[in-house]
Amino acid sequence: MSDPVPTPTTAERVARSNFNNWISAVGGVVAAGGLFSFAFLVWMDFTQGDKNPYLGIFTYIVAPGFLIAGLVAVFVGAIMQRRWAIKHAATKPDKWRLDFSNARQRRRLTLFGLGALTFLILSAFGSYQTYLYSESTQFCGQVCHAAMNPEFVAYKRGAHARVDCVECHVGSGAQWFIKAKINGTHQLIAYTLDNYKRPIATPIKNLRPAQDTCEKCHWPQKFNGNVDVSNQHFLSDKKNTEFDVRMLMRVNLGQPGSPIGGIHWHVNPDNRVEYLAIDDKRQDIPWMRVTDLKTGTAKVFRIESFKGEPPADQIRVMDCMDCHNRPAHVFPTANEAVERAMAAGALPTSVPFIKREAVKAMTQPDMTTDAVANQKIADYLRAKYKDAPELATIVSEVQTLYSTTIFPERKADWRVYPNNIGHKDWLGCFRCHDDKHKTELGQPVRSSDCNSCHTIIAQGKGPDLETLSAKGLKFNHPGGELDPDLTCSDCHNGGIQK
């Protein structure tokens with residue numbers, strides 16, 4: 001038999017607070033949890049090195065959201081209780097009242113108190129786990145930034161796969177921390193409304209200077225000298241002929257204390273290299289200026305068709321990112337992806353023309369989605385190799401190569417993201433070193449000869465690679481001599497050569 005509910009006197013009803021109800025109590029617990037989480041995350045935000053802008057989403061949006069929702073529930077409960085009391089003053093004025101004199105309510109309050117305590121403990125634990133999770137690469141690449149899936153896939157196979165996203169995209173310091181929070185808000189809105197750009201535009205205009213981030217790990221005073229680089233290629237002929245090139249890249253002089261030379265001369269602290277790019281991707285450079293900071297003298301180089309002076313606010317000082325513009329998000333070309341698979345044995349080199357046909361299968365028109373691409377790749381290769389015993393392996397591998405290097409729904413692949421290291425498939429070095437940029441006296445930028453920045457010590461295949469030339473070899477271009485009026489990327493485009 002239930003306990004009788006006592007009828008309150010008029011004095012009790014007047015003295016009783018409208019906030020004394022279950023709805024307000026639940027709201028108060030939620031608000032307390034939100035307030036605790038907010039205070040804890042703010043403390044973490046300002047004591048953990050100012051390096052995690054993504055934590056701001058939880059600190060300044062999610063936690064306050066719970067606090068506000070709880071406070072709203074508190075006042076909604078009070079308003080509802082007041083309206084009920086006015087409407088039912090003579091009968092049951094207290095529909096949701098907390099009554100400690102009622103045995104049934106005391107039991108409920110005990111359970112409610114235990115639940116509230118558990119909720120607050122879980123809020124503390126959840127806040128800490130939120131902090132840790134918001135720092136993770138998984139959060140950057142897979143949760144809030146699902147739009148960044150192509151960049152996340154490229155990041156996982158890159159040289160910086162063990163470097164947290166925030167280390168490069170934000171770095172340390174309060175100024176850039178705040179800028180990242182503001183920029184992150186814009187990204188959050190664009191992602192929520194699903195109106196972000198496809199593909200995401202690069203280069204990033206507000207990216208922090210490379211000296212503030214890259215040089216935290218890449219010590220400028222550490223000299224490497226020449227770097228041995230080997231490139232394994234396959235020709236697009238019937239036999240998929242292998243052609244390898246081994247070279248020494250002249251990165252710098254390799255002697256601490258000596259003037260910086262080699263490729264890294266471009267960021268020599270004694271010189272300043274500036275340039276004007278007239279396209280968004282910084283590939284078309286008609287004007288540049290090199291200043292000797294010790295003497296104050298400067299040389300201006302320009303192509304013949306560029307007249308006048310560039311706008312001062314459009315001149316960029318060259319830094320690491322102008323060559324290393326894809327340090328963590330390299331999109332390999334279809335040609336490069338297929339060659340890597342052949343070198344690893346994933347694609348059989350014994351199948352005639354497999355290099356050419358695999359690249360053609362990956363670069364067919366109207367590949368609008370992954371599903372459409374997979375079907376078109378399968379149909380194309382089955383038509384070419386219907387009797388080949390390796391057909392199933394070939395189809396599966398080419399589909400995998402496509403899905404990890406080309407992202408049709410995001411319109412992201414090597415064709416929209418040029419890589420300025422080298423000069424094979426994009427202009428790269430030849431944006432400036434093309435013998436077309438000259439001073440008023442006709443002095444060209446340093447020659448674009450093959451041996452300017454590297455020394456070829458072996459090339460070819462098999463026995464040709466066993467003998468190294470210390471003096472360097474002339475590049476033996478497969479298929480005939482090079483046309484001196486063409487650059488590499490005039491013929492090589494990442495797909496089938498023009």
# chains A, B, ... in the order shown; residues from 1 in each chain; ligands from 1

$ residues_around --residues "Gly462 of chain A" --least-positions-apart "2" --cutoff "12 Å" --atoms "only C-alpha atoms" --output "list in words"
Gln232, Thr241, Glu242, Phe243, Asp244, Val245, Ala458, Gln459, Gly460, Asp464, Leu465, Glu466 and Thr467 of chain A

$ select_by_dssp --residues "segment 218-447 of chain A" --states "helix (DSSP H, G or I)" --output "PDB file with N, CA and C atoms, in the first residue's frame"
ATOM      1  N   ILE A 263      71.228  22.245 -53.044  1.00  0.00           N
ATOM      2  CA  ILE A 263      69.812  22.562 -53.176  1.00  0.00           C
ATOM      3  C   ILE A 263      69.319  23.442 -52.039  1.00  0.00           C
ATOM      4  N   HIS A 264      69.837  23.212 -50.831  1.00  0.00           N
ATOM      5  CA  HIS A 264      69.375  23.994 -49.680  1.00  0.00           C
ATOM      6  C   HIS A 264      69.937  25.409 -49.649  1.00  0.00           C
ATOM      7  N   TRP A 265      70.656  25.783 -50.685  1.00  0.00           N
ATOM      8  CA  TRP A 265      71.082  27.176 -50.799  1.00  0.00           C
ATOM      9  C   TRP A 265      69.871  28.105 -50.831  1.00  0.00           C
ATOM     10  N   HIS A 266      68.760  27.599 -51.330  1.00  0.00           N
ATOM     11  CA  HIS A 266      67.566  28.440 -51.476  1.00  0.00           C
ATOM     12  C   HIS A 266      67.057  28.976 -50.146  1.00  0.00           C
ATOM     13  N   VAL A 267      67.404  28.332 -49.034  1.00  0.00           N
ATOM     14  CA  VAL A 267      66.997  28.823 -47.722  1.00  0.00           C
ATOM     15  C   VAL A 267      68.217  29.227 -46.896  1.00  0.00           C
ATOM     16  N   ALA A 312      53.694  44.525 -54.315  1.00  0.00           N
ATOM     17  CA  ALA A 312      54.494  44.167 -53.140  1.00  0.00           C
ATOM     18  C   ALA A 312      53.798  43.135 -52.259  1.00  0.00           C
ATOM     19  N   ASP A 313      52.460  43.213 -52.157  1.00  0.00           N
ATOM     20  CA  ASP A 313      51.744  42.293 -51.271  1.00  0.00           C
ATOM     21  C   ASP A 313      51.578  40.896 -51.860  1.00  0.00           C
ATOM     22  N   GLN A 314      52.021  40.697 -53.113  1.00  0.00           N
ATOM     23  CA  GLN A 314      51.924  39.380 -53.741  1.00  0.00           C
ATOM     24  C   GLN A 314      53.283  38.682 -53.854  1.00  0.00           C
ATOM     25  N   CYS A 320      60.892  26.427 -46.982  1.00  0.00           N
ATOM     26  CA  CYS A 320      60.910  24.973 -47.211  1.00  0.00           C
ATOM     27  C   CYS A 320      59.697  24.507 -48.011  1.00  0.00           C
ATOM     28  N   MET A 321      58.516  25.085 -47.711  1.00  0.00           N
ATOM     29  CA  MET A 321      57.278  24.601 -48.293  1.00  0.00           C
ATOM     30  C   MET A 321      57.127  24.907 -49.776  1.00  0.00           C
ATOM     31  N   ASP A 322      57.998  25.732 -50.332  1.00  0.00           N
ATOM     32  CA  ASP A 322      57.893  26.023 -51.755  1.00  0.00           C
ATOM     33  C   ASP A 322      58.421  24.884 -52.617  1.00  0.00           C
ATOM     34  N   ALA A 334      49.425   7.878 -60.963  1.00  0.00           N
ATOM     35  CA  ALA A 334      49.027   6.517 -61.345  1.00  0.00           C
ATOM     36  C   ALA A 334      50.240   5.741 -61.829  1.00  0.00           C
ATOM     37  N   ASN A 335      51.095   6.399 -62.590  1.00  0.00           N
ATOM     38  CA  ASN A 335      52.314   5.775 -63.094  1.00  0.00           C
ATOM     39  C   ASN A 335      53.217   5.324 -61.943  1.00  0.00           C
ATOM     40  N   GLU A 336      53.392   6.183 -60.959  1.00  0.00           N
ATOM     41  CA  GLU A 336      54.253   5.872 -59.818  1.00  0.00           C
ATOM     42  C   GLU A 336      53.656   4.756 -58.969  1.00  0.00           C
ATOM     43  N   ALA A 337      52.348   4.782 -58.751  1.00  0.00           N
ATOM     44  CA  ALA A 337      51.697   3.753 -57.941  1.00  0.00           C
ATOM     45  C   ALA A 337      51.843   2.381 -58.590  1.00  0.00           C
ATOM     46  N   VAL A 338      51.668   2.312 -59.904  1.00  0.00           N
ATOM     47  CA  VAL A 338      51.800   1.039 -60.620  1.00  0.00           C
ATOM     48  C   VAL A 338      53.245   0.553 -60.584  1.00  0.00           C
ATOM     49  N   GLU A 339      54.199   1.459 -60.755  1.00  0.00           N
ATOM     50  CA  GLU A 339      55.607   1.051 -60.717  1.00  0.00           C
ATOM     51  C   GLU A 339      55.997   0.506 -59.346  1.00  0.00           C
ATOM     52  N   ARG A 340      55.497   1.114 -58.292  1.00  0.00           N
ATOM     53  CA  ARG A 340      55.794   0.612 -56.945  1.00  0.00           C
ATOM     54  C   ARG A 340      55.224  -0.785 -56.755  1.00  0.00           C
ATOM     55  N   ALA A 341      54.013  -1.010 -57.254  1.00  0.00           N
ATOM     56  CA  ALA A 341      53.397  -2.331 -57.133  1.00  0.00           C
ATOM     57  C   ALA A 341      54.189  -3.366 -57.933  1.00  0.00           C
ATOM     58  N   MET A 342      54.699  -2.979 -59.086  1.00  0.00           N
ATOM     59  CA  MET A 342      55.513  -3.889 -59.895  1.00  0.00           C
ATOM     60  C   MET A 342      56.831  -4.203 -59.196  1.00  0.00           C
ATOM     61  N   ALA A 343      57.451  -3.189 -58.622  1.00  0.00           N
ATOM     62  CA  ALA A 343      58.715  -3.394 -57.921  1.00  0.00           C
ATOM     63  C   ALA A 343      58.536  -4.294 -56.701  1.00  0.00           C
ATOM     64  N   ALA A 344      57.364  -4.200 -56.051  1.00  0.00           N
ATOM     65  CA  ALA A 344      57.097  -5.008 -54.862  1.00  0.00           C
ATOM     66  C   ALA A 344      56.609  -6.411 -55.209  1.00  0.00           C
ATOM     67  N   ILE A 354      51.746  -4.722 -68.886  1.00  0.00           N
ATOM     68  CA  ILE A 354      50.984  -4.528 -67.659  1.00  0.00           C
ATOM     69  C   ILE A 354      51.159  -3.118 -67.108  1.00  0.00           C
ATOM     70  N   LYS A 355      52.352  -2.556 -67.268  1.00  0.00           N
ATOM     71  CA  LYS A 355      52.573  -1.181 -66.793  1.00  0.00           C
ATOM     72  C   LYS A 355      51.620  -0.226 -67.516  1.00  0.00           C
ATOM     73  N   ARG A 356      51.597  -0.296 -68.826  1.00  0.00           N
ATOM     74  CA  ARG A 356      50.777   0.624 -69.612  1.00  0.00           C
ATOM     75  C   ARG A 356      49.287   0.426 -69.353  1.00  0.00           C
ATOM     76  N   GLU A 357      48.846  -0.829 -69.365  1.00  0.00           N
ATOM     77  CA  GLU A 357      47.416  -1.097 -69.246  1.00  0.00           C
ATOM     78  C   GLU A 357      46.883  -0.817 -67.835  1.00  0.00           C
ATOM     79  N   ALA A 358      47.695  -1.070 -66.817  1.00  0.00           N
ATOM     80  CA  ALA A 358      47.259  -0.774 -65.450  1.00  0.00           C
ATOM     81  C   ALA A 358      47.069   0.729 -65.263  1.00  0.00           C
ATOM     82  N   VAL A 359      47.982   1.512 -65.819  1.00  0.00           N
ATOM     83  CA  VAL A 359      47.857   2.974 -65.723  1.00  0.00           C
ATOM     84  C   VAL A 359      46.642   3.451 -66.504  1.00  0.00           C
ATOM     85  N   LYS A 360      46.431   2.899 -67.685  1.00  0.00           N
ATOM     86  CA  LYS A 360      45.251   3.280 -68.473  1.00  0.00           C
ATOM     87  C   LYS A 360      43.957   2.933 -67.737  1.00  0.00           C
ATOM     88  N   ALA A 361      43.943   1.780 -67.076  1.00  0.00           N
ATOM     89  CA  ALA A 361      42.743   1.376 -66.338  1.00  0.00           C
ATOM     90  C   ALA A 361      42.426   2.350 -65.214  1.00  0.00           C
ATOM     91  N   MET A 362      43.468   2.905 -64.585  1.00  0.00           N
ATOM     92  CA  MET A 362      43.275   3.828 -63.465  1.00  0.00           C
ATOM     93  C   MET A 362      42.911   5.236 -63.909  1.00  0.00           C
ATOM     94  N   ASP A 370      33.932   5.533 -56.250  1.00  0.00           N
ATOM     95  CA  ASP A 370      34.767   4.347 -56.095  1.00  0.00           C
ATOM     96  C   ASP A 370      34.110   3.119 -56.710  1.00  0.00           C
ATOM     97  N   ALA A 371      32.801   3.003 -56.540  1.00  0.00           N
ATOM     98  CA  ALA A 371      32.099   1.838 -57.081  1.00  0.00           C
ATOM     99  C   ALA A 371      32.169   1.816 -58.605  1.00  0.00           C
ATOM    100  N   VAL A 372      31.952   2.969 -59.223  1.00  0.00           N
ATOM    101  CA  VAL A 372      32.038   3.058 -60.688  1.00  0.00           C
ATOM    102  C   VAL A 372      33.462   2.762 -61.140  1.00  0.00           C
ATOM    103  N   ALA A 373      34.448   3.301 -60.431  1.00  0.00           N
ATOM    104  CA  ALA A 373      35.849   3.086 -60.793  1.00  0.00           C
ATOM    105  C   ALA A 373      36.216   1.605 -60.712  1.00  0.00           C
ATOM    106  N   ASN A 374      35.818   0.943 -59.639  1.00  0.00           N
ATOM    107  CA  ASN A 374      36.133  -0.478 -59.488  1.00  0.00           C
ATOM    108  C   ASN A 374      35.554  -1.298 -60.634  1.00  0.00           C
ATOM    109  N   GLN A 375      34.313  -0.977 -61.022  1.00  0.00           N
ATOM    110  CA  GLN A 375      33.680  -1.723 -62.110  1.00  0.00           C
ATOM    111  C   GLN A 375      34.377  -1.468 -63.441  1.00  0.00           C
ATOM    112  N   LYS A 376      34.710  -0.202 -63.708  1.00  0.00           N
ATOM    113  CA  LYS A 376      35.355   0.131 -64.980  1.00  0.00           C
ATOM    114  C   LYS A 376      36.763  -0.453 -65.053  1.00  0.00           C
ATOM    115  N   ILE A 377      37.483  -0.452 -63.929  1.00  0.00           N
ATOM    116  CA  ILE A 377      38.822  -1.060 -63.904  1.00  0.00           C
ATOM    117  C   ILE A 377      38.720  -2.555 -64.187  1.00  0.00           C
ATOM    118  N   ALA A 378      37.764  -3.228 -63.538  1.00  0.00           N
ATOM    119  CA  ALA A 378      37.591  -4.671 -63.755  1.00  0.00           C
ATOM    120  C   ALA A 378      37.229  -4.973 -65.204  1.00  0.00           C
ATOM    121  N   ASP A 379      36.281  -4.208 -65.766  1.00  0.00           N
ATOM    122  CA  ASP A 379      35.866  -4.443 -67.156  1.00  0.00           C
ATOM    123  C   ASP A 379      37.024  -4.218 -68.128  1.00  0.00           C
ATOM    124  N   TYR A 380      37.800  -3.159 -67.887  1.00  0.00           N
ATOM    125  CA  TYR A 380      38.915  -2.840 -68.792  1.00  0.00           C
ATOM    126  C   TYR A 380      39.969  -3.945 -68.773  1.00  0.00           C
ATOM    127  N   LEU A 381      40.368  -4.366 -67.588  1.00  0.00           N
ATOM    128  CA  LEU A 381      41.436  -5.362 -67.480  1.00  0.00           C
ATOM    129  C   LEU A 381      40.973  -6.750 -67.932  1.00  0.00           C
ATOM    130  N   ARG A 382      39.712  -7.079 -67.699  1.00  0.00           N
ATOM    131  CA  ARG A 382      39.204  -8.367 -68.178  1.00  0.00           C
ATOM    132  C   ARG A 382      39.183  -8.420 -69.697  1.00  0.00           C
ATOM    133  N   ALA A 383      38.903  -7.280 -70.313  1.00  0.00           N
ATOM    134  CA  ALA A 383      38.914  -7.237 -71.771  1.00  0.00           C
ATOM    135  C   ALA A 383      40.330  -7.388 -72.323  1.00  0.00           C
ATOM    136  N   LYS A 384      41.323  -6.876 -71.590  1.00  0.00           N
ATOM    137  CA  LYS A 384      42.711  -6.931 -72.055  1.00  0.00           C
ATOM    138  C   LYS A 384      43.384  -8.272 -71.739  1.00  0.00           C
ATOM    139  N   LEU A 391      44.740 -12.814 -63.818  1.00  0.00           N
ATOM    140  CA  LEU A 391      43.730 -11.770 -63.981  1.00  0.00           C
ATOM    141  C   LEU A 391      43.136 -11.310 -62.654  1.00  0.00           C
ATOM    142  N   ALA A 392      42.741 -12.232 -61.808  1.00  0.00           N
ATOM    143  CA  ALA A 392      42.103 -11.850 -60.544  1.00  0.00           C
ATOM    144  C   ALA A 392      43.042 -11.019 -59.684  1.00  0.00           C
ATOM    145  N   THR A 393      44.328 -11.418 -59.634  1.00  0.00           N
ATOM    146  CA  THR A 393      45.314 -10.659 -58.856  1.00  0.00           C
ATOM    147  C   THR A 393      45.506  -9.266 -59.426  1.00  0.00           C
ATOM    148  N   ILE A 394      45.576  -9.177 -60.750  1.00  0.00           N
ATOM    149  CA  ILE A 394      45.784  -7.886 -61.406  1.00  0.00           C
ATOM    150  C   ILE A 394      44.614  -6.944 -61.123  1.00  0.00           C
ATOM    151  N   VAL A 395      43.391  -7.433 -61.280  1.00  0.00           N
ATOM    152  CA  VAL A 395      42.213  -6.599 -61.062  1.00  0.00           C
ATOM    153  C   VAL A 395      42.162  -6.104 -59.616  1.00  0.00           C
ATOM    154  N   SER A 396      42.359  -7.018 -58.677  1.00  0.00           N
ATOM    155  CA  SER A 396      42.301  -6.646 -57.264  1.00  0.00           C
ATOM    156  C   SER A 396      43.360  -5.619 -56.909  1.00  0.00           C
ATOM    157  N   GLU A 397      44.590  -5.795 -57.398  1.00  0.00           N
ATOM    158  CA  GLU A 397      45.678  -4.876 -57.057  1.00  0.00           C
ATOM    159  C   GLU A 397      45.457  -3.500 -57.666  1.00  0.00           C
ATOM    160  N   VAL A 398      45.030  -3.433 -58.914  1.00  0.00           N
ATOM    161  CA  VAL A 398      44.807  -2.131 -59.547  1.00  0.00           C
ATOM    162  C   VAL A 398      43.645  -1.406 -58.869  1.00  0.00           C
ATOM    163  N   GLN A 399      42.604  -2.119 -58.478  1.00  0.00           N
ATOM    164  CA  GLN A 399      41.507  -1.489 -57.739  1.00  0.00           C
ATOM    165  C   GLN A 399      41.990  -0.932 -56.401  1.00  0.00           C
ATOM    166  N   THR A 400      42.870  -1.675 -55.734  1.00  0.00           N
ATOM    167  CA  THR A 400      43.431  -1.192 -54.467  1.00  0.00           C
ATOM    168  C   THR A 400      44.291   0.046 -54.682  1.00  0.00           C
ATOM    169  N   LEU A 401      45.109   0.023 -55.724  1.00  0.00           N
ATOM    170  CA  LEU A 401      45.945   1.186 -56.034  1.00  0.00           C
ATOM    171  C   LEU A 401      45.070   2.413 -56.282  1.00  0.00           C
ATOM    172  N   TYR A 402      43.990   2.217 -57.013  1.00  0.00           N
ATOM    173  CA  TYR A 402      43.104   3.338 -57.308  1.00  0.00           C
ATOM    174  C   TYR A 402      42.476   3.892 -56.029  1.00  0.00           C
ATOM    175  N   SER A 403      41.965   3.013 -55.190  1.00  0.00           N
ATOM    176  CA  SER A 403      41.236   3.458 -54.001  1.00  0.00           C
ATOM    177  C   SER A 403      42.121   4.149 -52.973  1.00  0.00           C
ATOM    178  N   THR A 404      43.433   3.940 -53.040  1.00  0.00           N
ATOM    179  CA  THR A 404      44.345   4.556 -52.071  1.00  0.00           C
ATOM    180  C   THR A 404      45.137   5.727 -52.650  1.00  0.00           C
ATOM    181  N   THR A 405      44.929   6.037 -53.921  1.00  0.00           N
ATOM    182  CA  THR A 405      45.663   7.155 -54.520  1.00  0.00           C
ATOM    183  C   THR A 405      44.773   8.151 -55.253  1.00  0.00           C
ATOM    184  N   GLY A 428      58.055  21.699 -60.929  1.00  0.00           N
ATOM    185  CA  GLY A 428      58.977  21.673 -59.795  1.00  0.00           C
ATOM    186  C   GLY A 428      60.096  22.682 -59.930  1.00  0.00           C
ATOM    187  N   CYS A 429      61.318  22.185 -59.982  1.00  0.00           N
ATOM    188  CA  CYS A 429      62.504  23.047 -60.081  1.00  0.00           C
ATOM    189  C   CYS A 429      62.456  23.941 -61.327  1.00  0.00           C
ATOM    190  N   PHE A 430      61.855  23.412 -62.399  1.00  0.00           N
ATOM    191  CA  PHE A 430      61.849  24.146 -63.660  1.00  0.00           C
ATOM    192  C   PHE A 430      60.855  25.312 -63.674  1.00  0.00           C
ATOM    193  N   ARG A 431      60.172  25.544 -62.562  1.00  0.00           N
ATOM    194  CA  ARG A 431      59.355  26.751 -62.477  1.00  0.00           C
ATOM    195  C   ARG A 431      60.244  27.989 -62.570  1.00  0.00           C
TER     196      ARG A 431
END

$ atom_distance --atom1 "atom CA of Lys238 of chain A" --atom2 "atom CA of His492 of chain A"
18.9 Å

$ select_by_dssp --residues "segment 197-243 of chain A" --states "strand (DSSP E)" --output "PyMOL selection string"
chain A and resi 226-234+242-243

$ residues_around --residues "Ala73 of chain A" --least-positions-apart "5" --cutoff "12 Å" --atoms "only C-alpha atoms" --output "list of chain:residue names"
A:Phe19, A:Asn21, A:Trp22, A:Ile23, A:Ser24, A:Ala25, A:Val26, A:Gly27, A:Gly28, A:Val29, A:Val30, A:Ala31, A:Phe66, A:Leu67, A:Ile68, A:Ala78, A:Ile79, A:Met80, A:Gln81

$ write_last_selection --atoms "N, CA and C atoms" --output "JSON list (two decimals), in the first residue's frame"
[["chain", "number", "residue", "atom", "x", "y", "z"],
["A", 19, "PHE", "N", 11.78, 25.77, -8.03],
["A", 19, "PHE", "CA", 12.92, 24.98, -8.50],
["A", 19, "PHE", "C", 12.99, 23.61, -7.80],
["A", 21, "ASN", "N", 11.90, 20.59, -7.95],
["A", 21, "ASN", "CA", 11.20, 19.60, -8.77],
["A", 21, "ASN", "C", 12.23, 18.70, -9.47],
["A", 22, "TRP", "N", 11.77, 17.57, -9.94],
["A", 22, "TRP", "CA", 12.67, 16.58, -10.54],
["A", 22, "TRP", "C", 13.33, 17.09, -11.83],
["A", 23, "ILE", "N", 12.60, 17.81, -12.65],
["A", 23, "ILE", "CA", 13.16, 18.30, -13.91],
["A", 23, "ILE", "C", 14.32, 19.25, -13.63],
["A", 24, "SER", "N", 14.13, 20.18, -12.69],
["A", 24, "SER", "CA", 15.21, 21.11, -12.34],
["A", 24, "SER", "C", 16.38, 20.36, -11.72],
["A", 25, "ALA", "N", 16.10, 19.31, -10.95],
["A", 25, "ALA", "CA", 17.17, 18.55, -10.32],
["A", 25, "ALA", "C", 18.04, 17.86, -11.37],
["A", 26, "VAL", "N", 17.39, 17.23, -12.35],
["A", 26, "VAL", "CA", 18.14, 16.59, -13.43],
["A", 26, "VAL", "C", 18.94, 17.63, -14.20],
["A", 27, "GLY", "N", 18.32, 18.76, -14.51],
["A", 27, "GLY", "CA", 19.04, 19.83, -15.20],
["A", 27, "GLY", "C", 20.22, 20.33, -14.40],
["A", 28, "GLY", "N", 20.05, 20.43, -13.08],
["A", 28, "GLY", "CA", 21.16, 20.87, -12.24],
["A", 28, "GLY", "C", 22.33, 19.92, -12.28],
["A", 29, "VAL", "N", 22.06, 18.60, -12.29],
["A", 29, "VAL", "CA", 23.14, 17.61, -12.38],
["A", 29, "VAL", "C", 23.86, 17.72, -13.72],
["A", 30, "VAL", "N", 23.08, 17.84, -14.80],
["A", 30, "VAL", "CA", 23.70, 17.98, -16.14],
["A", 30, "VAL", "C", 24.53, 19.25, -16.21],
["A", 31, "ALA", "N", 23.99, 20.36, -15.67],
["A", 31, "ALA", "CA", 24.72, 21.62, -15.68],
["A", 31, "ALA", "C", 26.00, 21.51, -14.86],
["A", 66, "PHE", "N", 26.41, 21.33, -22.87],
["A", 66, "PHE", "CA", 25.80, 20.58, -21.78],
["A", 66, "PHE", "C", 25.43, 21.51, -20.62],
["A", 67, "LEU", "N", 26.30, 22.48, -20.32],
["A", 67, "LEU", "CA", 26.03, 23.43, -19.24],
["A", 67, "LEU", "C", 24.76, 24.23, -19.52],
["A", 68, "ILE", "N", 24.67, 24.74, -20.74],
["A", 68, "ILE", "CA", 23.50, 25.54, -21.10],
["A", 68, "ILE", "C", 22.24, 24.69, -21.12],
["A", 78, "ALA", "N", 11.24, 24.75, -13.38],
["A", 78, "ALA", "CA", 10.63, 25.73, -12.47],
["A", 78, "ALA", "C", 9.38, 26.33, -13.09],
["A", 79, "ILE", "N", 9.43, 26.66, -14.37],
["A", 79, "ILE", "CA", 8.27, 27.25, -15.04],
["A", 79, "ILE", "C", 7.12, 26.26, -15.11],
["A", 80, "MET", "N", 7.45, 25.02, -15.44],
["A", 80, "MET", "CA", 6.40, 24.00, -15.53],
["A", 80, "MET", "C", 5.77, 23.74, -14.15],
["A", 81, "GLN", "N", 6.63, 23.70, -13.13],
["A", 81, "GLN", "CA", 6.12, 23.49, -11.77],
["A", 81, "GLN", "C", 5.19, 24.64, -11.35]]

$ atom_distance --atom1 "atom CA of Cys491 of chain A" --atom2 "atom CA of His477 of chain A"
12.5 Å

$ atom_distance --atom1 "atom CA of Arg246 of chain A" --atom2 "atom CA of Glu481 of chain A"
19.2 Å

$ closest_residue --among "A:Leu117, A:Ile189, A:Asn18, A:Phe234" --to "Trp84 of chain A" --atoms "only C-alpha atoms"
A:Asn18

$ closest_residue --among "A:Asp434, A:Asp449, A:Glu309, A:Glu304" --to "Arg289 of chain A" --atoms "only C-alpha atoms"
A:Glu309

$ closest_residue --among "A:Ala210, A:Cys432, A:Ala346, A:Val351" --to "Glu274 of chain A" --atoms "only C-alpha atoms"
A:Cys432

$ closest_residue --among "A:Ala328, A:Leu293, A:Leu111, A:Gly34" --to "Glu167 of chain A" --atoms "only C-alpha atoms"
A:Ala328

$ closest_residue --among "A:Leu473, A:Leu253, A:Ile303, A:Ile200" --to "Lys281 of chain A" --atoms "only C-alpha atoms"
A:Ile200
